[in-house]
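One structure below.
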Amino acid sequence: MRPIYLDNNATTRAHPLVVAAMLPFFSEKFGNASSAHAFGSEVAPALKQARRNLQALIGAAFDHEIVFTSGATESDNTAILSALAVQEGRDEIVTTAVEHPAVLSLAEELGRRGIKTHVIPVDASGRLDIETYRNALSRRTSIASVMWANNETGTIFPVKCLAKMARSVGALFHTDAVQAVGRIPIDLKTTDIDMLSLSGHKLHGPKGIGALYVRKDIKFRPLIFGGAQERRRRAGTQNVPGIIGLGKAAELAAAHLIQEQMQIGTLRDRLEQGILALGGCMVLGHLKNRLPNTSNIAFEHLEAEAIVHHLNRNGIAVSLGSACASGSMEPSHVLRAMRVPPAFLRGAVRFSLSCETAPDEIDRVLQVLPDITAKQRALWRACQDRAGESSQLAELL
């Protein structure tokens with residue numbers, strides 16, 4: 001039986017057409033795009049087309065607003081550090097309690113350097129406390145950084161509104177849109193968003209390539225200095241095969257986004273309904289305003305690690321949550337910020353689908369999961385009984 005991959009928020013398989021588009025740029029068209037000779041000049045048009053493909057996908061006004069990076073972590077760091085560097089007299093950051101570690105870890109480090117960070121809480125559905133966000137903004141705010149959609153729950157944030165609020169106090173606004181790009185429609189021209197981060201491997205492109213959208217005319221300082229690549233906004237020889245792959249992935253995503261996401265949403269709902277029918281579990285995140293591919297389900301009194309392990313033994317790949325937190329035995333910062341009830345906190349399993357997910361794969365999950373959860377629940381009851389017996393014995397002694 002073929003393996004089933006339902007961990008697409010961690011990474012996606014590179015589309016075969018993406019791989020095919022990249023291959024010539026490893027051997028046949030291997031020139032450095034910055035070179036003046038023919039080997040370099042034959043690469044430049046392909047890079048420009050990739051930039052235009054990405055521009056179209058995110059609705060940027062100009063292709064030169066796209067800066068290619070090594071990935072979203074670099075893009076996130078660049079956006080925040082640039083804002084602090086170019087805005088004199090502004091030494092505060094506003095972000096949320098459920099951001100990716102690429103943002104929260106940087107904010108923590110900046111705090112040690114004297115930069116104040118306002119961390120905005122979320123409610124039980126993962127929705128941002130808008131009033132607290134509004135009150136945190138001030139003339140000292142350099143940048144507000146809020147993810148477009150949460151990687152663990154899929155909850156979507158009202159970034160257009162949040163960007164407008166940031167602009168009203170003269171602050172820049174950045175969004176980590178890693179999970180949103182290629183999954184929901186984005187049109188930056190209609191927003192006040194100043195910077196946006198994305199990563200290729202989340203939309204069936206290659207790993208090690210990402211981009212930072214930088215709105216035209218905003219002040220910007222590079223994170224990496226050196227050569228004149230990317231209009232002097234990101235030095236270093238360009239990752240040509242990666243850029244070509246990202247451009248092709250963007251082209252494919254734009255062409256099929258609406259239809260594919262409707263199909264993915266239908267499969268996600270079918271999976272969710274089947275799991276909820278088992279009882280003793282709940283969906284985490286906003287039930288309506290979330291990504292169509294994401295379902296985070298918490299099982300009462302069960303250990304998610306055991307469920308993930310047994311699904312893996314059945315050839316089904318799912319996640320405890322963020323791949324960046326894998327290996328940790330502690331509940332994720334996202335679930336803690338949402339104040340998930342203690343009985344469910346350690347039982348959260350994330351299922352994330354893609355355009356490659358097939359109906360029979362959903363059927364397979366619903367076929368094997370009931371037995372796994374039934375056995376885990378029986379073990380939990382047995383442990384509870386033993387604990388009760390031990391307590392009674394202790395009282396007698």
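Here's how to read the names in the structure tokens: chain A, B, ... by the order shown, residue numbers from 1 in each chain, ligand numbers from 1 in the order shown.
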*Residue contacts of Ile209 in chain A (7 Å, only C-alpha atoms) excluding same-chain residues fewer than 6 positions away, as a PyMOL selection string*: chain A and resi 69-71+199-200+242-243
Write to file, as an mmCIF file, in the first residue's frame, the residues of the selection just made, with C-alpha atoms.
```
data_model
loop_
_atom_site.group_PDB
_atom_site.id
_atom_site.type_symbol
_atom_site.label_atom_id
_atom_site.label_comp_id
_atom_site.auth_asym_id
_atom_site.auth_seq_id
_atom_site.Cartn_x
_atom_site.Cartn_y
_atom_site.Cartn_z
ATOM 1 C CA THR A 69 15.919 34.807 -0.360
ATOM 2 C CA SER A 70 16.926 31.440 1.073
ATOM 3 C CA GLY A 71 13.501 30.972 2.630
ATOM 4 C CA SER A 199 8.752 29.889 1.104
ATOM 5 C CA GLY A 200 8.977 27.701 -1.999
ATOM 6 C CA GLY A 242 15.648 27.325 -6.883
ATOM 7 C CA ILE A 243 14.277 30.583 -8.260
#
```
*Can you list, as a ChimeraX atom specification, every residue of range 216-342 of chain A that DSSP puts in alpha helix (DSSP H)?*
/A:229-232,240-276,304-313,333-337,342
_Among the residues A:Phe39, A:Asn314, A:Gly227, A:Asn151, the one that comes closest to Asp7 in chain A [using only C-alpha atoms]_ = A:Asn151
Report as a PDB file with C-alpha atoms, in the first residue's frame all protein, DNA and RNA residues lying within 7 Å of range 280-288 of chain A, evaluated on only C-alpha atoms, omitting residues in the same chain fewer than 4 positions from it.
```pdb
ATOM      1  CA  SER A 125     -10.257  29.727  18.364  1.00  0.00           C
ATOM      2  CA  GLY A 126      -6.872  31.251  17.650  1.00  0.00           C
ATOM      3  CA  THR A 153      -4.492  25.450  13.166  1.00  0.00           C
ATOM      4  CA  GLY A 154      -4.941  27.121   9.780  1.00  0.00           C
ATOM      5  CA  THR A 155      -6.713  30.085  11.400  1.00  0.00           C
ATOM      6  CA  LEU A 276     -15.269  13.757  14.990  1.00  0.00           C
ATOM      7  CA  ASN A 296      -5.853  20.173  13.851  1.00  0.00           C
ATOM      8  CA  ILE A 297      -7.789  17.692  15.963  1.00  0.00           C
ATOM      9  CA  ALA A 298      -7.191  17.176  19.676  1.00  0.00           C
ATOM     10  CA  PHE A 299      -8.053  13.827  21.249  1.00  0.00           C
ATOM     11  CA  GLU A 300      -9.183  13.907  24.875  1.00  0.00           C
TER      12      GLU A 300
END
```
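For the set A:Ala33, A:Val18, A:Ala10, A:Ala171, the residue with the smallest atom-to-atom gap to Gln87 in chain A is A:Ala171, counting only C-alpha atoms.
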*Do a neighbour search on His333 in chain A at 9 Å with only C-alpha atoms, toss out local chain neighbours closer than 6 positions, and write the hits as an MDAnalysis selection string.*
chainID A and resid 97:99
